[in-house]
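S.K.: Got a structure for you, input_9.tsv, holding TSV, C-alpha atoms.
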```tsv
chain	number	residue	atom	x	y	z
X	1	MET	CA	-9.19	131.34	48.15
X	2	GLN	CA	-6.64	133.92	47.03
X	3	LEU	CA	-3.90	135.46	49.14
X	4	THR	CA	-0.84	137.69	48.79
X	5	ILE	CA	1.69	137.44	51.62
X	6	ASN	CA	5.29	138.20	52.47
X	7	ARG	CA	7.50	135.08	52.27
X	8	GLU	CA	9.05	135.65	55.72
X	9	LEU	CA	5.66	135.83	57.46
X	10	LEU	CA	4.36	132.68	55.80
X	11	LEU	CA	7.59	130.71	56.25
X	12	LYS	CA	7.82	131.60	59.94
X	13	ALA	CA	4.30	130.27	60.56
X	14	ILE	CA	4.88	127.12	58.50
X	15	ASN	CA	8.20	126.37	60.23
X	16	LEU	CA	6.51	126.52	63.63
X	17	ILE	CA	3.73	124.04	62.82
X	18	ALA	CA	4.91	121.77	59.99
X	19	LYS	CA	6.39	119.09	62.27
X	20	ALA	CA	2.89	118.14	63.41
X	21	ALA	CA	1.89	117.08	59.88
X	22	ASP	CA	2.16	113.32	59.34
X	23	LYS	CA	2.55	112.15	55.74
X	24	ARG	CA	2.83	108.51	56.94
X	25	HIS	CA	-0.64	108.54	58.49
X	26	ASN	CA	-3.38	106.37	57.04
X	27	MET	CA	-5.30	109.57	56.35
X	28	VAL	CA	-3.47	111.15	53.42
X	29	ILE	CA	-4.88	114.60	54.19
X	30	LEU	CA	-2.86	114.73	57.45
X	31	GLY	CA	0.27	115.13	55.32
X	32	ASN	CA	-1.17	118.50	54.33
X	33	ILE	CA	-1.46	121.87	56.05
X	34	ARG	CA	-4.93	123.42	56.18
X	35	LEU	CA	-5.09	127.09	55.15
X	36	GLU	CA	-8.12	129.23	55.98
X	37	VAL	CA	-8.12	132.84	54.77
X	38	SER	CA	-10.39	135.65	55.93
X	39	GLN	CA	-10.09	139.41	55.51
X	40	GLU	CA	-8.07	139.77	58.72
X	41	LEU	CA	-6.50	136.35	59.39
X	42	LEU	CA	-4.64	133.43	57.87
X	43	VAL	CA	-5.06	130.28	59.97
X	44	LEU	CA	-2.76	127.34	59.20
X	45	THR	CA	-3.30	123.95	60.86
X	46	ALA	CA	-1.13	120.82	60.97
X	47	SER	CA	-2.14	117.67	62.83
X	48	ASP	CA	-1.60	113.93	63.25
X	49	LEU	CA	-4.75	113.53	65.40
X	50	GLU	CA	-2.55	113.34	68.52
X	51	VAL	CA	-0.86	116.74	68.28
X	52	GLU	CA	-2.38	119.73	66.50
X	53	LEU	CA	-0.53	123.00	65.85
X	54	MET	CA	-2.47	126.02	64.64
X	55	ALA	CA	-0.83	129.26	63.49
X	56	THR	CA	-3.09	132.34	63.50
X	57	LEU	CA	-1.49	135.14	61.50
X	58	LYS	CA	-2.89	138.68	61.31
X	59	LEU	CA	-2.94	139.84	57.69
X	60	PRO	CA	-2.09	143.35	56.51
X	61	ALA	CA	-4.78	145.24	54.63
X	62	GLY	CA	-5.26	143.94	51.09
X	63	ALA	CA	-3.49	140.62	51.68
X	64	CYS	CA	-6.75	138.64	51.39
X	65	ILE	CA	-8.00	138.88	47.83
X	66	GLU	CA	-10.64	136.17	48.17
X	67	PRO	CA	-11.56	134.39	51.43
X	68	GLY	CA	-11.62	130.62	51.41
X	69	SER	CA	-9.83	127.48	52.51
X	70	THR	CA	-7.83	124.56	51.14
X	71	THR	CA	-5.10	122.11	52.16
X	72	LEU	CA	-1.60	121.89	50.66
X	73	PRO	CA	1.21	119.30	51.05
X	74	ALA	CA	3.16	120.37	54.14
X	75	ILE	CA	6.67	119.39	53.09
X	76	LYS	CA	6.36	120.71	49.52
X	77	LEU	CA	4.91	124.02	50.68
X	78	LYS	CA	7.62	124.44	53.30
X	79	ASP	CA	10.45	123.60	50.88
X	80	ILE	CA	9.14	125.96	48.19
X	81	CYS	CA	8.82	128.86	50.61
X	82	LYS	CA	12.24	128.15	52.10
X	83	LEU	CA	13.99	128.28	48.72
X	84	LEU	CA	12.30	131.40	47.39
X	85	PRO	CA	14.34	134.65	47.62
X	86	ALA	CA	14.25	136.57	50.91
X	87	GLN	CA	11.56	139.27	51.19
X	88	SER	CA	9.77	137.97	48.10
X	89	VAL	CA	5.99	138.18	47.80
X	90	ILE	CA	4.02	134.95	47.50
X	91	GLN	CA	0.63	134.68	45.84
X	92	LEU	CA	-1.60	131.68	46.53
X	93	ALA	CA	-4.70	131.06	44.44
X	94	ALA	CA	-6.93	128.00	44.78
X	95	GLN	CA	-8.37	126.84	41.46
X	96	ASP	CA	-11.58	125.04	40.57
X	97	ASN	CA	-9.76	121.92	39.32
X	98	GLY	CA	-8.48	120.94	42.77
X	99	ARG	CA	-5.11	122.62	42.26
X	100	CYS	CA	-3.48	125.63	43.89
X	101	LEU	CA	-1.25	128.05	42.02
X	102	LEU	CA	1.71	129.50	43.96
X	103	THR	CA	3.58	132.31	42.23
X	104	SER	CA	6.45	134.50	43.33
X	105	GLY	CA	8.40	136.69	40.94
X	106	LYS	CA	9.28	134.51	37.96
X	107	SER	CA	8.56	131.27	39.86
X	108	ARG	CA	5.33	129.35	39.36
X	109	PHE	CA	4.23	126.18	41.17
X	110	THR	CA	1.02	124.20	40.80
X	111	LEU	CA	0.22	122.02	43.82
X	112	GLY	CA	-2.42	119.38	44.36
X	113	THR	CA	-4.95	120.11	47.08
X	114	LEU	CA	-7.45	118.20	49.20
X	115	PRO	CA	-10.75	119.67	50.46
X	116	ALA	CA	-10.41	121.71	53.65
X	117	LYS	CA	-13.80	120.41	54.86
X	118	ASP	CA	-12.28	116.90	55.09
X	119	TYR	CA	-9.45	118.02	57.38
X	120	PRO	CA	-10.00	116.58	60.90
X	121	THR	CA	-9.41	118.77	63.95
X	122	LEU	CA	-9.09	117.91	67.63
X	123	GLY	CA	-11.42	120.58	68.94
X	124	ASN	CA	-11.05	122.45	72.23
X	125	PRO	CA	-10.60	121.03	75.74
X	126	GLU	CA	-13.65	120.66	77.98
X	127	HIS	CA	-13.86	121.04	81.77
X	128	ILE	CA	-10.64	123.06	81.76
X	129	THR	CA	-8.18	123.38	84.63
X	130	PRO	CA	-6.11	126.47	83.69
X	131	LEU	CA	-2.55	126.73	84.91
X	132	THR	CA	-0.42	129.85	84.42
X	133	LEU	CA	3.35	129.71	84.73
X	134	SER	CA	6.39	131.27	83.12
X	135	ARG	CA	7.81	129.96	79.87
X	136	HIS	CA	11.15	129.45	81.63
X	137	LYS	CA	9.59	127.22	84.31
X	138	LEU	CA	7.72	125.15	81.73
X	139	SER	CA	10.91	124.65	79.70
X	140	ASP	CA	12.83	123.59	82.79
X	141	LEU	CA	10.15	121.10	83.87
X	142	MET	CA	10.17	119.38	80.48
X	143	HIS	CA	13.85	119.64	79.59
X	144	LYS	CA	15.01	118.18	82.91
X	145	THR	CA	12.74	115.12	82.67
X	146	LEU	CA	11.83	114.22	79.08
X	147	PHE	CA	14.92	112.03	78.51
X	148	ALA	CA	13.50	109.41	80.92
X	149	MET	CA	10.29	108.79	78.93
X	150	ALA	CA	9.91	105.32	77.47
X	151	ILE	CA	10.16	105.18	73.67
X	152	GLN	CA	8.19	101.97	73.18
X	153	ASP	CA	6.49	100.09	75.98
X	154	VAL	CA	3.37	97.98	76.31
X	155	ARG	CA	2.69	100.14	79.35
X	156	TYR	CA	1.61	102.97	77.05
X	157	TYR	CA	1.31	105.45	79.93
X	158	LEU	CA	5.12	105.31	80.32
X	159	THR	CA	5.58	106.70	76.80
X	160	GLY	CA	4.43	110.08	78.08
X	161	MET	CA	5.12	112.61	80.80
X	162	LEU	CA	3.02	113.06	83.93
X	163	PHE	CA	1.89	116.59	84.76
X	164	GLU	CA	0.65	116.67	88.35
X	165	VAL	CA	-0.72	119.65	90.26
X	166	GLY	CA	-1.00	119.58	94.03
X	167	GLN	CA	0.03	121.64	97.05
X	168	ARG	CA	0.56	124.69	94.82
X	169	GLN	CA	3.21	122.86	92.79
X	170	LEU	CA	3.40	121.56	89.24
X	171	THR	CA	5.41	118.32	89.06
X	172	THR	CA	6.56	116.60	85.88
X	173	VAL	CA	7.61	112.96	86.02
X	174	ALA	CA	8.97	110.62	83.35
X	175	THR	CA	10.08	107.00	83.72
X	176	ASP	CA	10.82	104.01	81.52
X	177	GLY	CA	10.90	101.53	84.37
X	178	HIS	CA	14.71	101.65	84.69
X	179	ARG	CA	15.14	105.29	85.68
X	180	LEU	CA	12.93	108.15	86.77
X	181	ALA	CA	13.21	111.92	86.41
X	182	LEU	CA	11.19	114.42	88.44
X	183	ALA	CA	11.01	118.22	88.43
X	184	ARG	CA	8.88	120.62	90.47
X	185	ALA	CA	7.96	124.27	90.23
X	186	ALA	CA	5.72	126.50	92.33
X	187	VAL	CA	2.55	127.68	90.59
X	188	ASN	CA	-0.06	130.22	91.62
X	189	VAL	CA	-3.12	128.00	92.15
X	190	GLY	CA	-5.43	127.34	95.05
X	191	ASP	CA	-4.81	124.62	97.61
X	192	GLU	CA	-7.86	122.76	96.33
X	193	VAL	CA	-6.45	122.30	92.80
X	194	ASN	CA	-5.34	118.68	92.33
X	195	MET	CA	-4.91	117.17	88.89
X	196	GLN	CA	-3.00	114.56	86.92
X	197	ALA	CA	-2.55	114.42	83.14
X	198	ILE	CA	-0.23	112.34	80.95
X	199	LEU	CA	1.10	114.10	77.85
X	200	PRO	CA	2.32	111.79	75.03
X	201	ARG	CA	5.97	111.72	74.02
X	202	LYS	CA	5.54	113.51	70.68
X	203	ALA	CA	3.46	116.23	72.34
X	204	VAL	CA	6.10	116.79	75.03
X	205	ILE	CA	8.83	117.10	72.39
X	206	GLU	CA	6.75	119.52	70.31
X	207	LEU	CA	5.82	121.68	73.30
X	208	GLU	CA	9.44	121.78	74.43
X	209	ARG	CA	10.52	122.74	70.89
X	210	LEU	CA	8.03	125.61	70.74
X	211	SER	CA	9.15	126.80	74.16
X	212	THR	CA	12.78	126.75	72.96
X	213	GLU	CA	11.87	128.73	69.82
X	214	LEU	CA	10.11	131.28	72.01
X	215	ALA	CA	13.21	131.54	74.21
X	216	LYS	CA	15.34	132.36	71.15
X	217	MET	CA	13.04	135.27	70.33
X	218	LEU	CA	12.90	136.57	73.89
X	219	SER	CA	16.61	136.22	74.63
X	220	GLU	CA	16.88	137.00	78.37
X	221	GLN	CA	13.22	137.97	78.71
X	222	ASP	CA	10.50	135.65	80.00
X	223	ASN	CA	6.76	135.53	79.50
X	224	MET	CA	3.75	133.84	81.05
X	225	LEU	CA	1.88	130.93	79.45
X	226	THR	CA	-1.47	129.39	80.31
X	227	LEU	CA	-1.81	125.62	80.10
X	228	SER	CA	-5.47	124.58	79.72
X	229	PHE	CA	-5.83	120.98	80.89
X	230	GLY	CA	-9.12	119.42	79.82
X	231	ARG	CA	-10.60	115.97	80.22
X	232	GLU	CA	-9.03	114.72	76.98
X	233	PHE	CA	-6.75	117.51	75.75
X	234	LEU	CA	-4.11	120.01	76.76
X	235	GLN	CA	-4.10	123.36	74.97
X	236	VAL	CA	-1.47	126.11	75.12
X	237	SER	CA	-1.40	129.39	73.16
X	238	MET	CA	1.97	131.00	72.52
X	239	PRO	CA	2.58	134.43	70.95
X	240	PHE	CA	5.26	134.51	68.24
X	241	GLY	CA	4.74	138.01	66.86
X	242	ASP	CA	7.21	140.88	66.87
X	243	VAL	CA	9.09	141.63	70.10
X	244	ASP	CA	9.12	145.26	71.21
X	245	SER	CA	11.80	147.10	73.21
X	246	THR	CA	10.24	146.04	76.53
X	247	GLY	CA	10.34	142.35	75.61
X	248	GLN	CA	6.59	142.09	75.03
X	249	ILE	CA	5.46	139.88	72.14
X	250	SER	CA	2.62	141.00	69.89
X	251	ASP	CA	-0.24	138.70	68.97
X	252	SER	CA	0.31	139.17	65.22
X	253	LEU	CA	1.26	135.47	65.13
X	254	VAL	CA	-0.12	133.04	67.72
X	255	ILE	CA	0.63	129.31	67.82
X	256	THR	CA	-2.05	127.18	69.48
X	257	PHE	CA	-0.79	123.80	70.65
X	258	THR	CA	-3.41	121.11	71.28
X	259	ALA	CA	-2.56	117.55	72.28
X	260	ARG	CA	-4.63	114.50	73.13
X	261	LEU	CA	-3.82	113.23	76.63
X	262	ILE	CA	-3.02	109.58	77.35
X	263	ASP	CA	-5.94	107.83	78.99
X	264	GLY	CA	-4.23	105.76	81.67
X	265	LYS	CA	-3.05	105.61	85.26
X	266	PHE	CA	0.53	106.72	85.84
X	267	PRO	CA	2.35	104.60	88.47
X	268	ASP	CA	2.84	106.04	91.97
X	269	TYR	CA	6.26	107.59	91.46
X	270	ARG	CA	6.62	108.40	95.16
X	271	ARG	CA	7.08	104.71	95.95
X	272	VAL	CA	10.08	104.60	93.60
X	273	ILE	CA	12.00	107.47	95.19
X	274	PRO	CA	14.32	106.17	97.97
X	275	ASN	CA	13.54	107.81	101.31
X	276	SER	CA	16.46	106.39	103.28
X	277	SER	CA	20.12	105.86	102.48
X	278	ASP	CA	23.24	105.35	104.57
X	279	LYS	CA	25.82	106.11	101.88
X	280	LEU	CA	26.34	109.50	100.29
X	281	ALA	CA	28.81	110.49	97.57
X	282	LEU	CA	29.42	114.08	96.50
X	283	VAL	CA	30.89	114.17	93.00
X	284	ASN	CA	32.09	116.93	90.69
X	285	ARG	CA	29.81	116.74	87.65
X	286	GLU	CA	32.42	117.72	85.05
X	287	LYS	CA	35.01	115.25	86.32
X	288	MET	CA	32.52	112.38	86.50
X	289	THR	CA	31.28	113.18	83.00
X	290	GLU	CA	34.81	113.04	81.58
X	291	VAL	CA	35.64	109.76	83.32
X	292	LEU	CA	32.30	108.16	82.42
X	293	ARG	CA	32.65	109.03	78.75
X	294	ARG	CA	36.16	107.58	78.57
X	295	VAL	CA	35.45	104.38	80.47
X	296	SER	CA	32.15	103.66	78.72
X	297	ILE	CA	33.95	103.42	75.37
X	298	LEU	CA	34.88	99.85	76.34
X	299	SER	CA	31.55	98.95	77.95
X	300	ASN	CA	29.31	96.22	76.55
X	301	GLU	CA	27.47	97.68	73.55
X	302	LYS	CA	24.13	96.21	74.61
X	303	SER	CA	24.10	96.72	78.39
X	304	ARG	CA	26.41	99.80	78.55
X	305	SER	CA	27.32	98.61	82.06
X	306	VAL	CA	29.91	100.61	84.04
X	307	VAL	CA	30.92	99.49	87.56
X	308	PHE	CA	31.47	102.00	90.38
X	309	ASN	CA	33.41	100.76	93.42
X	310	PHE	CA	33.16	103.30	96.26
X	311	ALA	CA	35.85	102.94	98.94
X	312	ALA	CA	35.60	104.37	102.46
X	313	ASP	CA	38.45	106.82	101.75
X	314	GLY	CA	36.52	108.46	98.90
X	315	ASN	CA	38.36	106.76	96.07
X	316	VAL	CA	36.02	105.46	93.36
X	317	GLU	CA	37.24	102.88	90.89
X	318	ILE	CA	35.21	103.11	87.69
X	319	ARG	CA	35.61	100.25	85.24
X	320	ALA	CA	34.02	98.66	82.20
X	321	ASN	CA	34.68	95.67	79.96
X	322	ASN	CA	33.09	93.96	76.98
X	323	ALA	CA	32.83	90.60	75.21
X	324	GLU	CA	36.11	91.23	73.37
X	325	GLN	CA	37.92	91.26	76.73
X	326	ASP	CA	38.68	94.98	76.44
X	327	GLU	CA	38.81	96.76	79.79
X	328	ALA	CA	38.91	100.35	81.02
X	329	VAL	CA	39.71	101.37	84.61
X	330	GLU	CA	39.94	104.86	86.04
X	331	ASN	CA	39.99	106.28	89.57
X	332	LEU	CA	38.14	109.35	90.78
X	333	GLN	CA	38.36	111.05	94.16
X	334	VAL	CA	35.02	112.08	95.71
X	335	LYS	CA	33.61	113.06	99.09
X	336	TYR	CA	32.09	109.90	100.49
X	337	ASN	CA	30.31	108.90	103.71
X	338	GLY	CA	29.45	105.25	104.30
X	339	ASP	CA	30.73	101.71	104.00
X	340	PRO	CA	32.32	100.52	100.75
X	341	ILE	CA	29.84	99.59	98.04
X	342	GLU	CA	30.01	98.39	94.44
X	343	LEU	CA	27.26	99.18	91.92
X	344	SER	CA	26.82	98.89	88.19
X	345	PHE	CA	25.01	101.56	86.17
X	346	ASN	CA	23.92	101.85	82.57
X	347	ALA	CA	26.38	104.56	81.50
X	348	ALA	CA	23.81	106.25	79.23
X	349	TYR	CA	21.27	106.55	82.07
X	350	LEU	CA	23.79	108.21	84.36
X	351	GLN	CA	25.10	110.47	81.59
X	352	ASP	CA	21.57	111.66	80.79
X	353	VAL	CA	21.26	112.93	84.36
X	354	LEU	CA	24.68	114.59	84.31
X	355	ASP	CA	23.71	116.38	81.09
X	356	VAL	CA	20.79	118.24	82.70
X	357	VAL	CA	22.24	119.21	86.10
X	358	GLN	CA	24.87	121.78	87.02
X	359	GLY	CA	27.40	121.88	89.83
X	360	ASP	CA	28.24	119.06	92.20
X	361	VAL	CA	26.07	115.94	92.21
X	362	GLN	CA	24.96	113.82	95.17
X	363	LEU	CA	24.42	110.05	94.95
X	364	HIS	CA	22.30	108.61	97.78
X	365	MET	CA	22.89	104.83	98.05
X	366	SER	CA	21.94	101.98	100.38
X	367	GLN	CA	22.53	98.53	98.82
X	368	ALA	CA	24.13	97.23	95.62
X	369	ASN	CA	20.76	96.23	94.15
X	370	ALA	CA	18.67	99.12	95.51
X	371	SER	CA	17.70	102.22	93.53
X	372	VAL	CA	20.01	105.25	93.73
X	373	LEU	CA	18.76	108.80	94.18
X	374	VAL	CA	20.74	111.44	92.29
X	375	ASN	CA	20.35	115.18	92.69
X	376	GLN	CA	22.28	118.39	92.34
X	377	LEU	CA	23.77	119.70	95.59
X	378	GLY	CA	21.33	122.17	97.17
X	379	ASP	CA	18.58	121.48	94.63
X	380	GLU	CA	15.46	119.81	95.99
X	381	LEU	CA	13.28	120.62	92.96
X	382	HIS	CA	14.88	118.05	90.66
X	383	GLN	CA	15.35	114.39	91.56
X	384	TYR	CA	16.57	111.41	89.56
X	385	VAL	CA	16.34	107.72	90.37
X	386	ILE	CA	18.45	105.06	88.62
X	387	MET	CA	18.14	101.33	89.13
X	388	PRO	CA	21.58	99.64	89.35
X	389	MET	CA	22.33	96.66	87.10
X	390	ARG	CA	23.24	93.23	88.34
X	391	ILE	CA	27.01	92.77	88.49
```
Could you render the structure from this file as structure tokens?

M.R.:
Amino acid sequence: MQLTINRELLLKAINLIAKAADKRHNMVILGNIRLEVSQELLVLTASDLEVELMATLKLPAGACIEPGSTTLPAIKLKDICKLLPAQSVIQLAAQDNGRCLLTSGKSRFTLGTLPAKDYPTLGNPEHITPLTLSRHKLSDLMHKTLFAMAIQDVRYYLTGMLFEVGQRQLTTVATDGHRLALARAAVNVGDEVNMQAILPRKAVIELERLSTELAKMLSEQDNMLTLSFGREFLQVSMPFGDVDSTGQISDSLVITFTARLIDGKFPDYRRVIPNSSDKLALVNREKMTEVLRRVSILSNEKSRSVVFNFAADGNVEIRANNAEQDEAVENLQVKYNGDPIELSFNAAYLQDVLDVVQGDVQLHMSQANASVLVNQLGDELHQYVIMPMRI
């Protein structure tokens, strides 16, 4: 394998996929990036056997000197390319002794390699259900819900995000058992399409990151993406080539995201969402955020409990205390309908919701120990459920 390539092209591709490489994996080769060179293409692959990112880069004429393949340490390759001068030319040449020579200008690096034939790949999804939606919708669905995913839980299906298709809608749901986040978006599918898939936490974060990187390139423009849901995998291809004056992206660089789905049954989230409440508070998001951040300074470090006391006249007393007998109390005026009620929330759970909504926020309440439904005024596509804490 021998290749000559512009530093910017190679670094862009490596930056987009390197996070999928896992140097801590039991398989040492997964700390490497696989490079496969042909006359027209350079294909780079990084994987941890759960998430696989593949960059397919169209090569200019003469860039491929000798076709072939190898694997190189992901972090070392990325750091070398990052620190080489801008617009420099990089030459990669695999050698017979299991090493690879990287040269650029007066710089020379010899890197250890592992055989490309030993690099495991996830393969392609089977029995595909394709789903086409805009990049903006996909970003919104993930960004507005991913914070509620469990980090570690014996109920492994909670450490991912549910993607559900039904009634011409795509719904994403995340929950850790203490709070739930839900987002919906209309999609152009037939009425007969019904599907559920659980995407693991790392895969959700990686897909959201790629979507964000694409948004930076497109600025105000949007583009369509196709999500291919298979029996075991989800696959998404995203163009990252040059953007022309009309906002269209070329396919000179394509990132293919493949992730293994969680094999499990997601709980029936509909049973968690309150469908009746006799108390409604309308709160200004910015004012509540400011008060919550101040009061929670003196909350218990472990429970992060903050008490909300809603009075019939719309005055809310918000207070917190801790084991050192510190106490914070602040009053906030809201629009309120219902009898007085006192609830305690984990401040971080409530703040997470406030961070992803805009405008005024509605709190639908019934009893002190019953779940609370939170949503943005006039927005039925995003719903959040928080379980109160015992006072």

S.K.: Can you tell me which residues surround X:Glu220 at a distance of at most 12 Å, considering only C-alpha atoms, apart from same-chain residues fewer than 5 positions away, and format the answer as number ranges by chain?

M.R.: X: 135-136, 214-215, 246-248

S.K.: If you measure from atom CA of X:Ala46 to atom CA of X:Leu59, what distance in Å do you get, rounded to one decimal?

M.R.: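 Separation between atom CA of X:Ala46 and atom CA of X:Leu59: 19.4 Å.
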
S.K.: Let me make sure I understand: among X:Thr159, X:Thr212, X:Asn223, X:Asn309, which one has the smallest atom-to-atom distance to X:Leu199 if we use only C-alpha atoms?

M.R.: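 With only C-alpha atoms as the atom set, the closest residue is X:Thr159.
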
S.K.: Can you tell me which residues surround X:Ile318 at a distance of at most 6 Å, considering all atoms listed in the file, apart from same-chain residues fewer than 2 positions away, and format the answer as a list in words?

M.R.: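 What passes the distance filter is Val307, Phe308, Val329 and Glu330 of chain X.
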
S.K.: Would you kindly return, as a list in words, each protein, DNA or RNA residue with an atom no farther than 10 Å from any atom of X:Ile249, considering all atoms listed in the file and excluding same-chain residues fewer than 2 positions away?

M.R.: Leu214, Met217, Leu218, Asn223, Met238, Pro239, Phe240, Gly241, Asp242, Val243, Asp244, Ser245, Thr246, Gly247, Asp251, Ser252, Leu253 and Val254 of chain X

S.K.: Which residues come within 10 Å of X:Gly166, counting only C-alpha atoms, excluding same-chain residues fewer than 5 positions away, as a PyMOL selection string?

M.R.: chain X and resi 171+186-187+189-196

S.K.: Output the selection as a PDB file, in the coordinates of the input - C-alpha atoms for each residue.

M.R.:
```pdb
ATOM      1  CA  THR X 171       5.410 118.320  89.060  1.00  0.00           C
ATOM      2  CA  ALA X 186       5.720 126.500  92.330  1.00  0.00           C
ATOM      3  CA  VAL X 187       2.550 127.680  90.590  1.00  0.00           C
ATOM      4  CA  VAL X 189      -3.120 128.000  92.150  1.00  0.00           C
ATOM      5  CA  GLY X 190      -5.430 127.340  95.050  1.00  0.00           C
ATOM      6  CA  ASP X 191      -4.810 124.620  97.610  1.00  0.00           C
ATOM      7  CA  GLU X 192      -7.860 122.760  96.330  1.00  0.00           C
ATOM      8  CA  VAL X 193      -6.450 122.300  92.800  1.00  0.00           C
ATOM      9  CA  ASN X 194      -5.340 118.680  92.330  1.00  0.00           C
ATOM     10  CA  MET X 195      -4.910 117.170  88.890  1.00  0.00           C
ATOM     11  CA  GLN X 196      -3.000 114.560  86.920  1.00  0.00           C
TER      12      GLN X 196
END
```

S.K.: Could you write stretch 85-96 of chain X as a compact mmCIF listing (two decimals), in the coordinates of the input, with N, CA, C and O atoms rebuilt where they are missing?

M.R.:
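Result file follows (rebuild-v3.txt):
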```txt
# COMPACT_ATOMS: atom_id res chain seq x y z
N PRO X 85 13.46 133.55 47.15
CA PRO X 85 14.34 134.65 47.62
C PRO X 85 13.77 135.35 48.85
O PRO X 85 12.55 135.44 49.02
N ALA X 86 14.66 135.84 49.70
CA ALA X 86 14.25 136.57 50.91
C ALA X 86 13.43 137.80 50.52
O ALA X 86 13.71 138.46 49.50
N GLN X 87 12.44 138.10 51.36
CA GLN X 87 11.56 139.27 51.19
C GLN X 87 10.72 139.23 49.92
O GLN X 87 10.16 140.25 49.50
N SER X 88 10.61 138.07 49.30
CA SER X 88 9.77 137.97 48.10
C SER X 88 8.30 137.93 48.52
O SER X 88 7.96 137.69 49.68
N VAL X 89 7.43 138.20 47.56
CA VAL X 89 5.99 138.18 47.80
C VAL X 89 5.41 136.91 47.18
O VAL X 89 5.72 136.56 46.04
N ILE X 90 4.61 136.20 47.95
CA ILE X 90 4.02 134.95 47.50
C ILE X 90 2.53 135.17 47.26
O ILE X 90 1.83 135.78 48.08
N GLN X 91 2.05 134.65 46.14
CA GLN X 91 0.63 134.68 45.84
C GLN X 91 0.11 133.25 45.79
O GLN X 91 0.69 132.39 45.12
N LEU X 92 -0.96 132.99 46.51
CA LEU X 92 -1.60 131.68 46.53
C LEU X 92 -3.01 131.83 45.99
O LEU X 92 -3.77 132.70 46.46
N ALA X 93 -3.36 130.99 45.02
CA ALA X 93 -4.70 131.06 44.44
C ALA X 93 -5.24 129.66 44.22
O ALA X 93 -4.68 128.88 43.43
N ALA X 94 -6.29 129.30 44.96
CA ALA X 94 -6.93 128.00 44.78
C ALA X 94 -7.74 128.02 43.49
O ALA X 94 -8.42 129.01 43.19
N GLN X 95 -7.66 126.91 42.73
CA GLN X 95 -8.37 126.84 41.46
C GLN X 95 -9.51 125.82 41.52
O GLN X 95 -9.54 124.96 42.41
N ASP X 96 -10.41 125.90 40.56
CA ASP X 96 -11.58 125.04 40.57
C ASP X 96 -11.26 123.57 40.29
O ASP X 96 -12.07 122.69 40.60
```
